[in-house]
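Data file: target_4.txt. Format and content: compact mmCIF, C-alpha atoms and all ligand atoms.
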```
# COMPACT_ATOMS: atom_id res chain seq x y z
CA MET W 1 -62.41 -14.68 43.34
CA ASP W 2 -60.98 -16.07 40.15
CA ASN W 3 -60.98 -19.86 40.39
CA ARG W 4 -59.55 -20.61 36.98
CA PRO W 5 -56.32 -22.60 37.26
CA VAL W 6 -53.03 -20.78 36.77
CA LEU W 7 -51.68 -21.62 33.32
CA LEU W 8 -48.50 -19.53 33.21
CA GLU W 9 -46.49 -18.33 36.16
CA VAL W 10 -43.53 -16.04 35.60
CA GLU W 11 -41.39 -15.46 38.67
CA ASN W 12 -38.57 -13.00 39.05
CA LEU W 13 -37.83 -13.03 35.33
CA GLN W 14 -34.54 -11.37 34.49
CA THR W 15 -33.50 -11.06 30.89
CA HIS W 16 -30.26 -9.19 30.46
CA PHE W 17 -28.22 -8.45 27.36
CA ARG W 18 -24.48 -8.08 27.40
CA THR W 19 -23.52 -5.12 25.17
CA MET W 20 -20.33 -3.24 24.33
CA ASP W 21 -20.98 -0.65 27.02
CA GLY W 22 -22.49 -2.67 29.82
CA VAL W 23 -25.34 -4.99 30.70
CA ASN W 24 -28.80 -3.96 29.49
CA ARG W 25 -31.29 -5.10 32.15
CA ALA W 26 -34.18 -5.25 29.69
CA VAL W 27 -36.35 -7.24 32.10
CA ASP W 28 -35.31 -6.99 35.71
CA GLY W 29 -37.23 -9.11 38.19
CA VAL W 30 -40.73 -9.31 36.70
CA SER W 31 -43.39 -11.67 38.09
CA PHE W 32 -46.97 -12.26 36.93
CA HIS W 33 -49.37 -15.08 36.20
CA VAL W 34 -52.05 -15.87 33.63
CA ARG W 35 -55.05 -18.09 34.31
CA SER W 36 -56.62 -20.48 31.81
CA GLY W 37 -58.82 -18.54 29.41
CA GLU W 38 -57.82 -15.19 30.86
CA THR W 39 -56.76 -12.10 28.89
CA LEU W 40 -53.87 -10.21 30.44
CA ALA W 41 -52.54 -6.99 28.94
CA ILE W 42 -48.97 -5.77 29.32
CA VAL W 43 -48.57 -2.03 28.77
CA GLY W 44 -45.76 0.49 29.01
CA GLU W 45 -43.69 2.86 26.91
CA SER W 46 -41.37 1.81 24.13
CA GLY W 47 -38.27 -0.01 25.34
CA CYS W 48 -39.64 -1.00 28.75
CA GLY W 49 -39.18 -4.73 28.10
CA LYS W 50 -42.58 -5.95 26.87
CA SER W 51 -41.39 -7.82 23.78
CA VAL W 52 -38.37 -9.18 25.62
CA THR W 53 -40.73 -10.56 28.29
CA ALA W 54 -42.81 -12.28 25.59
CA MET W 55 -39.77 -13.64 23.75
CA SER W 56 -38.35 -14.92 27.04
CA ILE W 57 -41.50 -16.97 27.69
CA LEU W 58 -41.03 -18.68 24.33
CA ARG W 59 -37.25 -18.82 24.83
CA LEU W 60 -36.66 -16.90 21.64
CA ILE W 61 -33.99 -14.66 23.14
CA PRO W 62 -30.62 -15.07 21.42
CA GLU W 63 -28.14 -16.36 24.02
CA PRO W 64 -25.60 -14.74 23.96
CA PRO W 65 -25.89 -11.74 24.09
CA GLY W 66 -29.06 -12.43 26.09
CA LYS W 67 -29.38 -14.36 29.33
CA ILE W 68 -32.63 -15.41 30.97
CA ALA W 69 -32.95 -16.18 34.69
CA GLY W 70 -35.86 -16.74 37.04
CA SER W 71 -38.64 -19.22 36.48
CA ILE W 72 -41.36 -19.55 33.84
CA ARG W 73 -43.82 -22.28 34.73
CA PHE W 74 -46.37 -23.34 32.12
CA GLN W 75 -48.87 -25.92 33.33
CA GLY W 76 -46.46 -26.64 36.15
CA ARG W 77 -43.36 -27.26 33.98
CA ASP W 78 -40.44 -24.88 34.16
CA LEU W 79 -39.86 -23.83 30.55
CA LEU W 80 -36.33 -22.66 31.33
CA GLY W 81 -35.38 -26.23 32.26
CA LEU W 82 -36.69 -27.90 29.08
CA SER W 83 -34.51 -29.18 26.25
CA ASP W 84 -34.61 -27.39 22.90
CA LYS W 85 -36.69 -30.20 21.46
CA GLU W 86 -39.24 -30.07 24.30
CA MET W 87 -39.44 -26.32 23.84
CA ARG W 88 -40.06 -26.69 20.10
CA ASP W 89 -42.97 -29.00 20.87
CA ILE W 90 -44.53 -26.33 23.07
CA ARG W 91 -43.88 -23.42 20.71
CA GLY W 92 -46.58 -22.97 18.11
CA ASN W 93 -48.49 -25.86 19.61
CA GLU W 94 -49.36 -25.07 23.23
CA ILE W 95 -48.10 -21.51 23.30
CA SER W 96 -48.10 -19.45 20.14
CA MET W 97 -47.22 -15.90 19.37
CA ILE W 98 -48.29 -13.15 17.02
CA PHE W 99 -45.19 -11.05 16.47
CA GLN W 100 -44.92 -7.29 16.41
CA GLU W 101 -43.95 -7.18 12.70
CA PRO W 102 -46.27 -9.37 10.62
CA MET W 103 -44.41 -9.05 7.33
CA THR W 104 -41.03 -10.07 8.66
CA SER W 105 -42.46 -13.09 10.44
CA LEU W 106 -44.22 -14.51 7.38
CA ASN W 107 -42.05 -16.45 4.98
CA PRO W 108 -42.32 -14.73 1.55
CA VAL W 109 -41.54 -17.88 -0.45
CA LEU W 110 -44.25 -20.04 1.14
CA THR W 111 -47.92 -19.80 0.23
CA ASN W 112 -50.36 -18.75 2.95
CA GLY W 113 -51.54 -22.34 3.12
CA GLN W 114 -48.04 -23.74 3.49
CA GLN W 115 -47.27 -21.38 6.39
CA ILE W 116 -50.34 -22.52 8.28
CA GLY W 117 -49.86 -26.14 7.25
CA GLU W 118 -46.23 -26.20 8.37
CA THR W 119 -47.07 -25.97 12.07
CA LEU W 120 -49.86 -28.52 11.67
CA ARG W 121 -47.59 -31.01 9.94
CA LEU W 122 -44.82 -30.44 12.47
CA HIS W 123 -46.94 -30.69 15.60
CA GLN W 124 -49.88 -32.81 14.63
CA GLY W 125 -48.42 -35.00 11.91
CA LEU W 126 -51.07 -34.11 9.31
CA SER W 127 -50.51 -35.12 5.69
CA LYS W 128 -50.01 -32.47 3.01
CA SER W 129 -53.61 -32.58 1.83
CA GLN W 130 -55.05 -32.69 5.35
CA ALA W 131 -52.88 -29.68 6.26
CA GLU W 132 -54.14 -27.74 3.25
CA GLU W 133 -57.73 -28.57 4.07
CA ARG W 134 -57.25 -27.36 7.62
CA ALA W 135 -55.45 -24.23 6.37
CA VAL W 136 -58.50 -23.34 4.26
CA GLU W 137 -60.68 -23.87 7.32
CA MET W 138 -58.44 -21.61 9.41
CA LEU W 139 -58.42 -18.87 6.75
CA ARG W 140 -62.21 -19.02 6.69
CA LEU W 141 -62.31 -18.86 10.49
CA VAL W 142 -60.22 -15.67 10.58
CA GLY W 143 -62.51 -14.06 8.03
CA ILE W 144 -60.46 -14.20 4.84
CA PRO W 145 -62.76 -14.20 1.82
CA GLU W 146 -62.29 -16.90 -0.83
CA PRO W 147 -60.03 -19.01 1.41
CA GLY W 148 -59.77 -21.73 -1.23
CA ARG W 149 -57.99 -19.30 -3.54
CA ARG W 150 -56.04 -17.37 -0.90
CA VAL W 151 -54.53 -20.53 0.52
CA ARG W 152 -52.44 -20.89 -2.68
CA GLU W 153 -51.39 -17.23 -2.78
CA TYR W 154 -48.33 -15.63 -1.18
CA PRO W 155 -48.23 -13.14 1.73
CA HIS W 156 -47.29 -10.18 -0.51
CA GLN W 157 -50.59 -10.63 -2.38
CA LEU W 158 -52.50 -9.76 0.79
CA SER W 159 -53.21 -6.41 2.44
CA GLY W 160 -51.66 -5.65 5.86
CA GLY W 161 -54.87 -6.52 7.68
CA MET W 162 -55.21 -9.80 5.79
CA ARG W 163 -51.59 -10.70 6.55
CA GLN W 164 -52.26 -10.13 10.22
CA ARG W 165 -55.22 -12.51 9.92
CA VAL W 166 -52.93 -15.10 8.38
CA MET W 167 -50.60 -14.64 11.38
CA ILE W 168 -53.54 -15.22 13.70
CA ALA W 169 -54.56 -18.27 11.68
CA ILE W 170 -51.04 -19.69 12.04
CA ALA W 171 -50.97 -18.87 15.74
CA LEU W 172 -54.32 -20.57 16.34
CA ALA W 173 -53.99 -23.51 13.96
CA CYS W 174 -52.96 -25.91 16.74
CA ASN W 175 -55.49 -24.62 19.29
CA PRO W 176 -52.86 -23.25 21.70
CA LYS W 177 -53.67 -22.89 25.38
CA LEU W 178 -51.86 -19.57 25.41
CA LEU W 179 -51.63 -16.94 22.69
CA ILE W 180 -49.13 -14.13 23.09
CA ALA W 181 -50.02 -11.21 20.84
CA ASP W 182 -47.34 -8.49 20.62
CA GLU W 183 -48.94 -5.28 19.32
CA PRO W 184 -51.28 -7.26 17.05
CA THR W 185 -53.15 -4.24 15.75
CA THR W 186 -50.73 -1.33 15.91
CA ALA W 187 -49.82 -1.30 12.22
CA LEU W 188 -53.45 -1.49 11.08
CA ASP W 189 -56.06 1.18 10.49
CA VAL W 190 -58.84 1.51 13.05
CA THR W 191 -61.58 -0.38 11.23
CA ILE W 192 -59.31 -3.35 10.66
CA GLN W 193 -58.07 -3.05 14.25
CA ALA W 194 -61.60 -3.40 15.55
CA GLN W 195 -62.19 -6.42 13.30
CA ILE W 196 -59.00 -8.14 14.46
CA LEU W 197 -59.93 -7.54 18.10
CA ASP W 198 -63.39 -8.97 17.51
CA LEU W 199 -61.74 -11.93 15.91
CA MET W 200 -59.42 -12.51 18.87
CA ARG W 201 -62.33 -12.27 21.28
CA ASP W 202 -64.37 -14.64 19.17
CA LEU W 203 -61.53 -17.14 18.93
CA LYS W 204 -60.95 -16.91 22.63
CA THR W 205 -64.52 -17.99 23.34
CA ARG W 206 -64.40 -20.63 20.65
CA VAL W 207 -60.99 -22.14 21.41
CA GLY W 208 -60.78 -21.13 25.09
CA ALA W 209 -57.21 -19.84 24.79
CA ALA W 210 -55.67 -17.53 27.36
CA ILE W 211 -54.26 -14.37 25.79
CA VAL W 212 -51.37 -12.13 26.76
CA ILE W 213 -51.75 -8.97 24.73
CA ILE W 214 -48.94 -6.44 24.55
CA THR W 215 -50.03 -3.02 23.44
CA HIS W 216 -49.50 0.73 23.60
CA ASP W 217 -53.14 1.25 22.94
CA LEU W 218 -55.28 1.80 26.01
CA GLY W 219 -58.46 1.52 23.96
CA VAL W 220 -57.43 -2.03 23.12
CA VAL W 221 -56.69 -2.72 26.79
CA ALA W 222 -60.10 -1.44 27.79
CA GLU W 223 -61.80 -3.57 25.16
CA VAL W 224 -60.14 -6.93 25.63
CA ALA W 225 -58.17 -7.23 28.88
CA GLU W 226 -59.36 -8.57 32.20
CA ARG W 227 -56.19 -7.71 34.08
CA VAL W 228 -53.32 -5.37 33.30
CA VAL W 229 -49.60 -5.38 34.09
CA VAL W 230 -47.87 -2.01 33.75
CA MET W 231 -44.14 -2.16 33.02
CA TYR W 232 -41.58 0.58 33.36
CA ALA W 233 -37.83 0.28 32.69
CA GLY W 234 -37.84 -3.51 32.88
CA ARG W 235 -39.95 -3.74 36.05
CA LYS W 236 -43.58 -4.29 36.86
CA VAL W 237 -44.77 -1.15 38.60
CA GLU W 238 -48.50 -1.86 38.82
CA GLU W 239 -50.98 -4.67 38.30
CA ALA W 240 -54.75 -4.54 38.61
CA PRO W 241 -58.07 -5.74 37.23
CA VAL W 242 -58.76 -3.58 34.19
CA ALA W 243 -61.70 -1.54 35.53
CA ASP W 244 -59.83 -0.88 38.76
CA LEU W 245 -56.73 0.31 36.91
CA PHE W 246 -58.68 2.76 34.76
CA ARG W 247 -60.75 4.02 37.68
CA THR W 248 -58.01 4.22 40.30
CA PRO W 249 -54.49 4.04 38.90
CA ARG W 250 -52.19 4.02 41.93
CA HIS W 251 -48.71 4.40 40.47
CA PRO W 252 -47.75 7.90 39.28
CA TYR W 253 -46.41 6.32 36.07
CA THR W 254 -49.76 4.70 35.30
CA GLN W 255 -51.51 7.95 36.21
CA GLY W 256 -49.28 9.67 33.65
CA LEU W 257 -49.98 7.08 30.98
CA LEU W 258 -53.70 7.30 31.54
CA GLY W 259 -53.63 11.08 31.13
CA SER W 260 -55.74 10.98 27.97
CA VAL W 261 -57.69 7.79 28.02
CA PRO W 262 -60.98 7.10 26.31
CA LYS W 263 -63.66 5.90 28.68
CA LEU W 264 -63.72 2.21 29.48
CA GLY W 265 -65.92 0.42 26.98
CA SER W 266 -66.05 3.30 24.51
CA SER W 267 -65.72 2.35 20.89
CA LEU W 268 -62.30 2.29 19.28
CA THR W 269 -63.44 3.76 16.04
CA GLY W 270 -62.15 7.22 15.39
CA GLN W 271 -60.50 7.50 18.79
CA THR W 272 -56.88 8.00 19.40
CA SER W 273 -56.07 6.12 22.52
CA ARG W 274 -52.30 6.07 22.61
CA LEU W 275 -50.57 6.37 25.92
CA SER W 276 -50.10 9.98 26.81
CA GLU W 277 -46.68 11.56 26.90
CA ILE W 278 -44.87 11.81 30.20
CA PRO W 279 -42.14 14.45 30.36
CA GLY W 280 -38.58 13.12 30.61
CA LEU W 281 -36.88 9.98 29.44
CA VAL W 282 -36.77 6.36 30.54
CA PRO W 283 -33.49 5.90 32.42
CA SER W 284 -30.74 3.82 30.83
CA LEU W 285 -31.25 0.17 31.64
CA LYS W 286 -27.50 -0.22 31.83
CA GLN W 287 -27.01 1.53 35.16
CA LYS W 288 -28.18 0.23 38.51
CA ILE W 289 -30.79 2.59 39.89
CA PRO W 290 -30.63 2.72 43.69
CA GLY W 291 -34.22 3.82 44.43
CA CYS W 292 -37.46 3.81 42.44
CA VAL W 293 -36.89 3.46 38.68
CA PHE W 294 -39.50 6.14 37.99
CA ALA W 295 -38.12 8.70 40.48
CA SER W 296 -36.32 10.79 37.83
CA ARG W 297 -39.64 11.56 36.10
CA CYS W 298 -42.05 11.38 38.98
CA PRO W 299 -43.82 14.54 40.18
CA LYS W 300 -44.12 13.04 43.68
CA ALA W 301 -40.54 11.79 44.09
CA SER W 302 -38.82 12.46 47.42
CA ASP W 303 -35.40 11.56 48.87
CA LEU W 304 -36.92 8.30 50.06
CA CYS W 305 -37.83 7.40 46.45
CA ARG W 306 -34.35 8.18 45.17
CA ALA W 307 -32.73 6.02 47.86
CA VAL W 308 -35.04 3.06 48.53
CA PRO W 309 -36.74 0.99 45.82
CA PRO W 310 -40.42 0.53 46.65
CA GLY W 311 -41.60 -3.08 46.63
CA LEU W 312 -44.87 -4.09 45.03
CA ALA W 313 -47.55 -3.82 47.68
CA LEU W 314 -51.21 -4.78 47.75
CA LYS W 315 -53.33 -1.62 47.57
CA ALA W 316 -56.79 -3.12 46.96
CA PRO W 317 -58.04 -6.61 46.06
CA GLY W 318 -55.86 -7.84 43.18
CA HIS W 319 -54.30 -4.40 42.85
CA PHE W 320 -50.55 -4.01 43.40
CA ALA W 321 -48.36 -0.95 43.00
CA ALA W 322 -44.67 -0.28 43.58
CA CYS W 323 -44.74 3.24 44.97
CA HIS W 324 -43.94 4.57 48.46
CA TYR W 325 -46.78 7.04 48.13
CA ALA W 326 -49.52 4.99 46.45
CA GLU W 327 -52.53 5.10 48.71
CA ALA W 328 -54.16 1.91 49.84
CA GLU W 329 -57.93 1.49 49.60
CA GLY W 330 -59.82 3.43 52.25
CA SER W 331 -56.97 5.82 53.03
CA VAL W 332 -57.54 9.52 52.53
CA ALA W 333 -55.67 11.11 49.64
CA ALA W 334 -53.16 13.76 50.74
N1 LIG L 1 -31.25 -8.87 20.99
C1 LIG L 1 -31.06 -7.82 21.78
N2 LIG L 1 -29.80 -7.41 22.11
C2 LIG L 1 -29.59 -6.36 22.93
N3 LIG L 1 -30.58 -5.63 23.49
C3 LIG L 1 -31.84 -5.98 23.19
C4 LIG L 1 -32.16 -7.09 22.34
N4 LIG L 1 -33.51 -7.18 22.24
C5 LIG L 1 -34.01 -6.19 22.99
N5 LIG L 1 -33.02 -5.46 23.58
C6 LIG L 1 -33.19 -4.30 24.48
O1 LIG L 1 -34.13 -4.62 25.48
C7 LIG L 1 -34.86 -3.45 25.88
C8 LIG L 1 -36.35 -3.76 25.90
O2 LIG L 1 -36.78 -3.91 24.54
P1 LIG L 1 -38.25 -4.43 24.14
O3 LIG L 1 -38.19 -4.76 22.70
O4 LIG L 1 -38.68 -5.49 25.08
O5 LIG L 1 -39.14 -3.15 24.38
P2 LIG L 1 -40.72 -2.99 24.17
O6 LIG L 1 -41.30 -2.66 25.52
O7 LIG L 1 -41.26 -4.17 23.47
O8 LIG L 1 -40.79 -1.69 23.26
P3 LIG L 1 -41.76 -1.35 22.00
O9 LIG L 1 -43.01 -0.84 22.65
O10 LIG L 1 -41.02 -0.28 21.29
O11 LIG L 1 -41.97 -2.58 21.20
C9 LIG L 1 -34.43 -2.35 24.94
O12 LIG L 1 -33.48 -1.54 25.60
C10 LIG L 1 -33.80 -3.10 23.78
O13 LIG L 1 -32.80 -2.32 23.17
MG MG L 2 -42.02 -4.49 21.57
```
Just dump the structure as structure tokens.
Amino acid sequence: MDNRPVLLEVENLQTHFRTMDGVNRAVDGVSFHVRSGETLAIVGESGCGKSVTAMSILRLIPEPPGKIAGSIRFQGRDLLGLSDKEMRDIRGNEISMIFQEPMTSLNPVLTNGQQIGETLRLHQGLSKSQAEERAVEMLRLVGIPEPGRRVREYPHQLSGGMRQRVMIAIALACNPKLLIADEPTTALDVTIQAQILDLMRDLKTRVGAAIVIITHDLGVVAEVAERVVVMYAGRKVEEAPVADLFRTPRHPYTQGLLGSVPKLGSSLTGQTSRLSEIPGLVPSLKQKIPGCVFASRCPKASDLCRAVPPGLALKAPGHFAACHYAEAEGSVAA
């Protein structure tokens, strides 16, 4: 039993985009929760709605063309009901995010120190010199050598890995309760990846933040996550404790993704641990699919699957899957 209090509760999240040729149901009825101090991974193929889910939590979806519905409760408050000002106070302070593209989310005309200091001055009212002092401390904490010098340099003077560390420093400067990391290591080479992951783990123990990590990389999932949500075409199709998911994936989509997975706990170095390829394409999110969203690519699909959408059902303790044919614990495989 996990007794940690629930920090974030997302219920029936629907984020749709109005486009020229119809409504894109990027996220279509997704629910999950994150406990204090927990690390949850969200995985799934490109375009399945992972980043949109993250941006919806922080209310960073442009409206229009976007529209968010459902409920997102953070420490009991519904974020969708807050004013813009209340939301700004939460963003970067209580919930912070490491974005998928580090270069585009750093401001090229501000020094590394100013970028870190900006959030501190905004949220914690520090003076200029206090903010710089704290920025140096943060750069040191994320393992940047000579932080006293680097704090006055600009992002383009840093390597990709160092820039990602600056992003992490910004994200953690205010000791957030929740860190959302969208593909934090994808653009980096494996050695740096491993260092960044170590750093996130270390900071998690030090600061006690909960982490939602979005990744394509199953090696990363195996190394850092406690629980995993698998998304497909804007829906959650499976959720399970990490060891359980790797040992007994129950949804045919997850089974496909795990086709070539390194063993749980094996080192990242030198491994390729990308999701494996599943034949076929993700269906367009602009048409209503009557049955299971995965039916068009599923080796087990039947008429039932094409007609009736499977609900998420409990298959083992803490393990849910949305598949008519996923076996429950103790049942004999066909
Ligand atoms: N501002 C927007 N306007 C219209 N459609 C959008 C917008 N942002 C995202 N989408 C659409 O939402 C869907 C989900 O995109 P999202 O970025 O969440 O995918 P993802 O799972 O993060 O993929 P990746 O792994 O490639 O990062 C896509 O079809 C995308 O085109
Ligand atoms: Mg994304």
Show me which residues sit within 10 Å of ligand LIG 1 (chain L) when counting all atoms listed in the file, and put them as a ChimeraX atom specification. /W:15-20,23-27,42-56,60-66,100-101,182-183,214-216,231-234,282,284-286
Considering all atoms listed in the file, return as a count of residues only whatever protein or nucleic-acid residues lie within 9 Å of Cys174 in chain W, sequence-local ones (same chain, fewer than 6 positions apart) excluded. 8
Among the residues W:Leu58, W:Ala181, W:Leu79, W:Ala313, the one that comes closest to ligand MG 2 (chain L) [using all atoms listed in the file]: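 The shortest atom-to-atom distance to ligand MG 2 (chain L) comes from W:Ala181.
Proximity to Asn12 in chain W was assessed for W:Val212, W:Gly280, W:Arg235, W:Asp202 counting only C-alpha atoms; the smallest distance is recorded for W:Arg235.
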Length of the CA of Glu153 in chain W to CA of Thr111 in chain W vector [Å]: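 Computing the Euclidean distance for CA of Glu153 in chain W and CA of Thr111 in chain W yields 5.3 Å.
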Between CA of Ile180 in chain W and CA of Asp84 in chain W, what is the distance in Å, rounded to a tenth?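 CA of Ile180 in chain W sits 19.7 Å away from CA of Asp84 in chain W.
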I need the residue nearest ligand MG 2 (chain L) from this list: W:Phe294, W:Phe99, W:Phe320, W:Tyr253. Use all atoms listed in the file for the distance. W:Phe99
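Here the question is which of W:Ile98, W:Val151, W:Leu203, W:Leu312 gets nearest to ligand MG 2 (chain L) using only C-alpha atoms and all ligand atoms, and that residue is W:Ile98.
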Please compute the CA of Ala225 in chain W-CA of Phe74 in chain W distance, one decimal, in Å.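 Separation between CA of Ala225 in chain W and CA of Phe74 in chain W: 20.2 Å.
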Using all atoms listed in the file for the distances, tell me which of W:Ile213, W:Ile170, W:Ala222, W:Arg306 is nearest to ligand MG 2 (chain L). W:Ile213
Which residue gives the smallest distance to ligand MG 2 (chain L) among W:His251, W:Thr186, W:Ala321, W:Leu7, with only C-alpha atoms and all ligand atoms counted? W:Thr186
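Residues with any atom within 10 Å of Gln195 in chain W, counting all atoms listed in the file and excluding same-chain neighbours fewer than 3 positions away, are Val142, Gly143, Gly161, Arg165, Thr185, Val190, Thr191, Ile192, Asp198, Leu199, Met200 and Arg201 of chain W.
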